[in-house]
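J.: Here it is: the structure, laid out below.
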Amino acid sequence: MSEGEFRRKTPEEILRSIQKIGKGHLKIILGAVSGTGKTYHMLQEGNVLKKRGLDVVIGIVSPSNRPKTMEQIGCLEIIPSIEWINMGEAKFDLDVEAIIARNPEVVLVDDLSHRNRPEAPRSTRLDDISYLLNRNISVITTVNIYELEGVRGIADKLTDGRVRVNCSIPEDTLALADEVKLLDVTPEVILSRLQEGDIELSLEEKRGKENLFHRNNLAVLRELALRFLAGEVNDALDEYREKHGMIGPSGASEKILVTVQYHWNGSILIRRGQQIAKRLGGELQVVCFVNKNLSKHEQTFKRSIIKLVEKVGGDFEELPMEHDSVADQIVNYATEHNVTRIVMGQSKRTRWEEMAYGSIINKILRKTRNIDVFIVADRAEKDGERVIPTKQRKKEIATNPYRRLTIQELENEMDNIRRGTLKVYMGAAPGVGKTFTMLREANELKKKGIDITIGLLETHGRKETFDQIGSLEIIPRKKISYKGTTLEEMDTEVIIKRNPEVVLVDELAHTNVPGSKYHKRFEDVEDILAAGISVISTMNVQHLESLNDSVEQITGVRVRETVPDHILRRADEIELIDISPKALRDRMKEGRIYAVEKVNQALNHFFKTGNLIALRELALREVADDVDERLEAWERKRTLRGPWRQQEVIFVCTNLRPDSERLVRRGFRIAYRLKASWYVSYVKDHPLTAEEQQTLTKIQQLTERLGGIFETYETTGRRNVFRKLVSQMNEKKATQVIIGQSARTRWEEIIKGSVTQRLLWEVRHMDVLVVADQDHLGAWHRNT
């Protein structure tokens with residue numbers, strides 16, 4: 001139990017708790033668009049609750065739902081609704097008085113954004129639901145993302161005005177709900193359901209059908225839903241961390257701080273900060289510290305900076321300089337506001353002035369341990385003052401469509417055509433329902449005549465999951481002898497010989513038993529796909545290789561079983577299985593995830609509420625980024641983060657310190673977001689010990705696993721290391737350099753020098769990211 005749970009409640013918290021005692025529980029099932037299955041899931045959940053002994057009734061189910069959805073009503077009691085006609089179309093209102101007279105524990109209410117008949121006692125369905133909640137009747141309801149005020153305008157703009165909404169609901173409705181569950185469905189699934197007649201559109205949706213149900217529009221709305229809910233989850237995470245006295249970044253999201261002066265280069269820094277924030281899906285904060293009255297010149301720049309920050313969607317703050325060290329104030333501000341990256345301009349001091357007096361950048365680097373520092377290139381002399389600091393490259397000449405393909409290129413194309421389809425269900429943590437959902441989809445595919453089998457399934461003793469197997473064929477596992485024990489693994493050879501159309505393979509990140517053909521299960525999956533067999537698989541967000549450091553920062557656990565990012569990028573579909581932390585912890589307490597004897601340990605460690613909130617946000621943002629990357633490949637102008645049109649080259653400088661693997665992962669994530677080529681370098685200046693060589697090999701293997709180019713250079717003497725690095729950066733036309741913080745003290749840097757400091761001076765024409773030297777657990781766990 002954390003110290004926050006022993007803290008005495010404030011009078012306001014006590015009042016809120018008392019008010020909640022007599023109020024019903026509100027759960028909202030959120031979708032990107034009609035056809036995601038919101039009503040189906042609502043009815044399914046109603047039946048599950050009824051089986052557990054709760055009194056559940058149906059208040060409203062839209063009659064336009066397909067037979068497959070209506071079958072889910074089962075034996076649930078229906079409270080008749082009030083029918084009325086609007087412009088020739090039948091409408092249905094909740095009979096609130098009948099529901100109150102019946103007084104169930106839970107009522108299911110479809111279509112939250114409905115507007116009631118003119119003479120109704122309350123104007124909207126949301127008002128009706130609030131009325132029921134205040135009478136201690138819980139409600140499960142459904143809504144589409146574009147039906148929220150504030151989101152509707154963005155959705156309308158992104159879909160070229162194709163969104164049709166009968167009645168908007170306040171944007172803060174999700175924040176007021178006790179639980180929100182997102183049904184994440186890919187555009188391909190929606191289009192397939194539409195084609196097969198599984199989606200019945202409302203009159204408003206039919207008017208915009210031809211354009212709204214276009215793949216790109218569906219992808220945009222899906223990303224919008226993922227990012228909006230991620231923002232809601234982030235607010236809940238901030239509230240949780242503040243309540244429990246946690247400081248510093250959570251590890252789940254990015255917050256970019258741009259420090260500016262009222263000077264001509266302020267706009268350059270803000271633009272660069274905006275580019276970084278958008279590509280990383282983070283928030284943008286701009287701050288200026290002032291210690292004197294502003295001149296007319298500075299006031300002019302202030303007005304333009306405030307206008308620019310507003311235009312790019314950031315927040316601006318001007319603060320008085322409280323003491324001589326602005327570096328202290330910047331670091332304190334960044335820590336208090338959970339900033340993950342500080343963006344600032346190059347130092348204006350000469351090298352000798354920096355040696356004598358230091359620089360703000362150097363002071364900040366010495367004081368930060370959990371915040372990256374991004375130093376924007378100084379290209380004013382070469383490129384002019386108004387240029388956004390990224391190098392432009394001539395657009396590569398497109399391949400001539402008339403050129404005959406080589407034999408190798410033909411073989412590659414044929415392999416791609418023959419290759420099976422990979423779909424991955426992703427979750428924030430074990431127990432969210434990935435395997436359950438995978439099995440349910442498999443049964444639906446079998447009903448449609450698809451030859452589908454189970455290659456590897458892990459039910460972990462969960463009865464609800466086991467019951468979903470139904471009549472699906474299971475391929476027997478292969479038995480492997482290891483240290484006198486017989487263990488079982490997926491039999492890839494038998495699967496390929498059996499040659500089904502689709503095979504289910506649970507837990508993509510699993511490490512195989514020694515003696516298996518491959519070390520990791522995803523390598524077996526690659527063989528199955530290459531044989532032309534499609535695969536549906538599952539994994540949790542913490543198993544993604546490039547998120548390894550973020551997950552450790554969040555949970556304090558270094559995940560050993562990982563999947564290289566390129567496996568997920570090659571997936572044809574990625575679908576998030578979302579669940580609220582409270583619902584997941586409830587499942588854990590009921591013994592529906594782990595055995596009873598493991599429950600308390602899990603709840604107090606990996607399954608702590610704060611961990612689950614952060615992992616949920618990480619999963620939402622990761623899938624949203626994946627949607628954006630795919631959408632950008634289809635149609636650049638539609639992406640929420642905006643296209644990245646500059647050609648970047650990322651150069652990562654590593655040494656043999658423990659933080660080098662973190663630098664490689666950071667390099668990959670940045671390079672992937674910027675569509676950049678990237679290099680990882682090591683300069684050898686002395687004979688390596690066996691242990692050092694082993695560390696270097698691990699760095700090289702990680703780089704190659706993530707798709708980077710690893711290079712080793714040799715030189716004599718430590719002071720020549722930076723010269724070699726700078727030479728290679730210039731040769732490769734690097735635009736951004738990634739380095740770690742200096743491990744030396746201020747006096748050691750003065751006496752012995754610092755590669756980091758010398759690089760900062762020598763590569764002023766490049767952007768430099770100095771990655772924070774985080775301790776093993778970070779601020780998150782020091783304060784729990």
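In the structure tokens, chains take letters A, B, ... by order of appearance, with residues numbered from 1 within each chain and ligands from 1 in the order shown.
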Just list the residues in range 378-600 of chain A DSSP gives strand (DSSP E) on the backbone, as a PyMOL selection string.
T.: chain A and resi 422-427+452-456+473-474+478-482+485-489+502-505+534-540+573-577
J.: Would you output that residue set with N, CA, C and O atoms, as a short mmCIF file (atom, residue, chain, number, x, y, z; two decimals), in the first residue's frame?
T.:
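Saved the output as result.cif:
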data_model
loop_
_atom_site.label_atom_id
_atom_site.label_comp_id
_atom_site.auth_asym_id
_atom_site.auth_seq_id
_atom_site.Cartn_x
_atom_site.Cartn_y
_atom_site.Cartn_z
N LEU A 422 -1.25 -10.67 -41.39
CA LEU A 422 -1.00 -10.69 -39.94
C LEU A 422 -1.89 -9.66 -39.25
O LEU A 422 -1.87 -8.48 -39.58
N LYS A 423 -2.69 -10.14 -38.30
CA LYS A 423 -3.49 -9.25 -37.46
C LYS A 423 -3.06 -9.44 -36.02
O LYS A 423 -2.89 -10.58 -35.56
N VAL A 424 -2.86 -8.33 -35.30
CA VAL A 424 -2.40 -8.39 -33.91
C VAL A 424 -3.39 -7.67 -33.01
O VAL A 424 -3.74 -6.51 -33.26
N TYR A 425 -3.86 -8.35 -31.98
CA TYR A 425 -4.65 -7.71 -30.92
C TYR A 425 -3.68 -7.25 -29.84
O TYR A 425 -2.93 -8.06 -29.29
N MET A 426 -3.71 -5.95 -29.55
CA MET A 426 -2.80 -5.39 -28.55
C MET A 426 -3.57 -4.94 -27.31
O MET A 426 -4.68 -4.42 -27.42
N GLY A 427 -2.97 -5.12 -26.15
CA GLY A 427 -3.58 -4.67 -24.90
C GLY A 427 -2.57 -3.92 -24.05
O GLY A 427 -1.37 -3.94 -24.33
N ILE A 452 -9.95 -22.35 -40.37
CA ILE A 452 -9.18 -21.69 -39.31
C ILE A 452 -8.87 -22.67 -38.19
O ILE A 452 -9.72 -23.48 -37.81
N THR A 453 -7.64 -22.62 -37.68
CA THR A 453 -7.22 -23.52 -36.61
C THR A 453 -6.51 -22.74 -35.51
O THR A 453 -6.11 -21.59 -35.70
N ILE A 454 -6.34 -23.40 -34.37
CA ILE A 454 -5.57 -22.82 -33.26
C ILE A 454 -4.18 -23.42 -33.28
O ILE A 454 -4.01 -24.64 -33.13
N GLY A 455 -3.18 -22.59 -33.49
CA GLY A 455 -1.79 -23.06 -33.49
C GLY A 455 -1.20 -23.09 -32.10
O GLY A 455 -0.50 -24.02 -31.71
N LEU A 456 -1.50 -22.06 -31.33
CA LEU A 456 -1.02 -21.98 -29.94
C LEU A 456 -1.96 -21.11 -29.15
O LEU A 456 -2.23 -19.96 -29.53
N GLU A 473 -10.60 -26.22 -34.31
CA GLU A 473 -9.57 -27.27 -34.31
C GLU A 473 -8.29 -26.75 -33.64
O GLU A 473 -7.87 -25.61 -33.87
N ILE A 474 -7.68 -27.60 -32.81
CA ILE A 474 -6.44 -27.23 -32.13
C ILE A 474 -5.31 -28.11 -32.64
O ILE A 474 -5.39 -29.35 -32.60
N LYS A 478 4.12 -29.36 -29.96
CA LYS A 478 5.33 -30.17 -30.12
C LYS A 478 5.99 -30.35 -28.76
O LYS A 478 6.13 -29.39 -28.00
N LYS A 479 6.41 -31.59 -28.43
CA LYS A 479 7.05 -31.87 -27.15
C LYS A 479 8.56 -31.80 -27.32
O LYS A 479 9.13 -32.40 -28.24
N ILE A 480 9.21 -31.06 -26.40
CA ILE A 480 10.67 -30.85 -26.46
C ILE A 480 11.26 -31.21 -25.10
O ILE A 480 10.79 -30.74 -24.06
N SER A 481 12.29 -32.04 -25.12
CA SER A 481 12.97 -32.41 -23.87
C SER A 481 14.00 -31.36 -23.53
O SER A 481 14.82 -30.97 -24.38
N TYR A 482 13.97 -30.89 -22.27
CA TYR A 482 14.92 -29.86 -21.84
C TYR A 482 15.28 -30.10 -20.37
O TYR A 482 14.40 -30.04 -19.50
N THR A 485 13.19 -32.54 -18.47
CA THR A 485 11.76 -32.24 -18.40
C THR A 485 11.21 -32.13 -19.82
O THR A 485 11.88 -31.62 -20.73
N THR A 486 9.99 -32.59 -20.00
CA THR A 486 9.33 -32.47 -21.30
C THR A 486 8.48 -31.20 -21.32
O THR A 486 7.57 -31.04 -20.50
N LEU A 487 8.80 -30.28 -22.23
CA LEU A 487 8.07 -29.02 -22.37
C LEU A 487 7.37 -28.98 -23.72
O LEU A 487 7.71 -29.75 -24.63
N GLU A 488 6.40 -28.07 -23.85
CA GLU A 488 5.62 -28.00 -25.07
C GLU A 488 5.76 -26.64 -25.75
O GLU A 488 5.82 -25.62 -25.08
N GLU A 489 5.79 -26.65 -27.08
CA GLU A 489 5.85 -25.42 -27.86
C GLU A 489 4.95 -25.58 -29.09
O GLU A 489 4.51 -26.69 -29.42
N VAL A 502 -6.18 -19.64 -41.96
CA VAL A 502 -5.84 -18.76 -40.84
C VAL A 502 -5.47 -19.61 -39.63
O VAL A 502 -6.08 -20.65 -39.38
N VAL A 503 -4.47 -19.16 -38.88
CA VAL A 503 -4.09 -19.85 -37.64
C VAL A 503 -4.00 -18.83 -36.51
O VAL A 503 -3.55 -17.69 -36.73
N LEU A 504 -4.45 -19.21 -35.32
CA LEU A 504 -4.36 -18.35 -34.13
C LEU A 504 -3.07 -18.67 -33.39
O LEU A 504 -2.79 -19.83 -33.09
N VAL A 505 -2.30 -17.63 -33.09
CA VAL A 505 -1.04 -17.81 -32.35
C VAL A 505 -1.02 -16.80 -31.21
O VAL A 505 -0.83 -15.60 -31.43
N SER A 534 -2.41 -17.00 -43.08
CA SER A 534 -2.65 -15.78 -42.30
C SER A 534 -2.63 -16.11 -40.81
O SER A 534 -2.97 -17.23 -40.40
N VAL A 535 -2.23 -15.11 -40.01
CA VAL A 535 -2.06 -15.30 -38.56
C VAL A 535 -2.81 -14.21 -37.81
O VAL A 535 -2.73 -13.04 -38.16
N ILE A 536 -3.54 -14.62 -36.77
CA ILE A 536 -4.09 -13.66 -35.80
C ILE A 536 -3.37 -13.92 -34.49
O ILE A 536 -3.33 -15.06 -34.01
N SER A 537 -2.79 -12.86 -33.92
CA SER A 537 -1.96 -13.04 -32.72
C SER A 537 -2.28 -11.97 -31.68
O SER A 537 -3.10 -11.08 -31.91
N THR A 538 -1.63 -12.09 -30.52
CA THR A 538 -1.86 -11.16 -29.40
C THR A 538 -0.54 -10.73 -28.78
O THR A 538 0.44 -11.48 -28.81
N MET A 539 -0.54 -9.54 -28.19
CA MET A 539 0.62 -9.08 -27.41
C MET A 539 0.21 -7.89 -26.57
O MET A 539 -0.82 -7.25 -26.82
N ASN A 540 1.01 -7.58 -25.55
CA ASN A 540 0.79 -6.40 -24.72
C ASN A 540 1.77 -5.31 -25.11
O ASN A 540 2.86 -5.60 -25.61
N GLU A 573 -3.06 -5.50 -39.78
CA GLU A 573 -4.03 -4.87 -38.88
C GLU A 573 -3.51 -4.94 -37.45
O GLU A 573 -2.95 -5.96 -37.03
N ILE A 574 -3.69 -3.84 -36.73
CA ILE A 574 -3.43 -3.82 -35.28
C ILE A 574 -4.69 -3.28 -34.63
O ILE A 574 -5.19 -2.22 -35.01
N GLU A 575 -5.21 -4.01 -33.66
CA GLU A 575 -6.45 -3.60 -33.02
C GLU A 575 -6.24 -3.58 -31.51
O GLU A 575 -5.72 -4.54 -30.93
N LEU A 576 -6.62 -2.47 -30.88
CA LEU A 576 -6.45 -2.33 -29.44
C LEU A 576 -7.64 -2.90 -28.69
O LEU A 576 -8.79 -2.62 -29.04
N ILE A 577 -7.38 -3.70 -27.67
CA ILE A 577 -8.43 -4.17 -26.77
C ILE A 577 -8.33 -3.30 -25.52
O ILE A 577 -7.39 -3.42 -24.74
#
J.: CA of Val551 in chain A and CA of Ala252 in chain A, how far apart in Å?
T.: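 Pair CA of Ala252 in chain A / CA of Val551 in chain A returns 8.1 Å.
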J.: Taking the DSSP secondary structure from the backbone, can you list the residues of range 437-669 of chain A that are alpha helix (DSSP H), as a PyMOL selection string?
T.: chain A and resi 437-447+463-467+492-498+521-530+548-555+565-569+581-589+596-603+609-634+660-669
J.: Using only C-alpha atoms, which residues sit within 6 Å of range 275-292 of chain A once same-chain residues fewer than 4 positions away are excluded, as a ChimeraX atom specification?
T.: /A:254-261,314-321,641
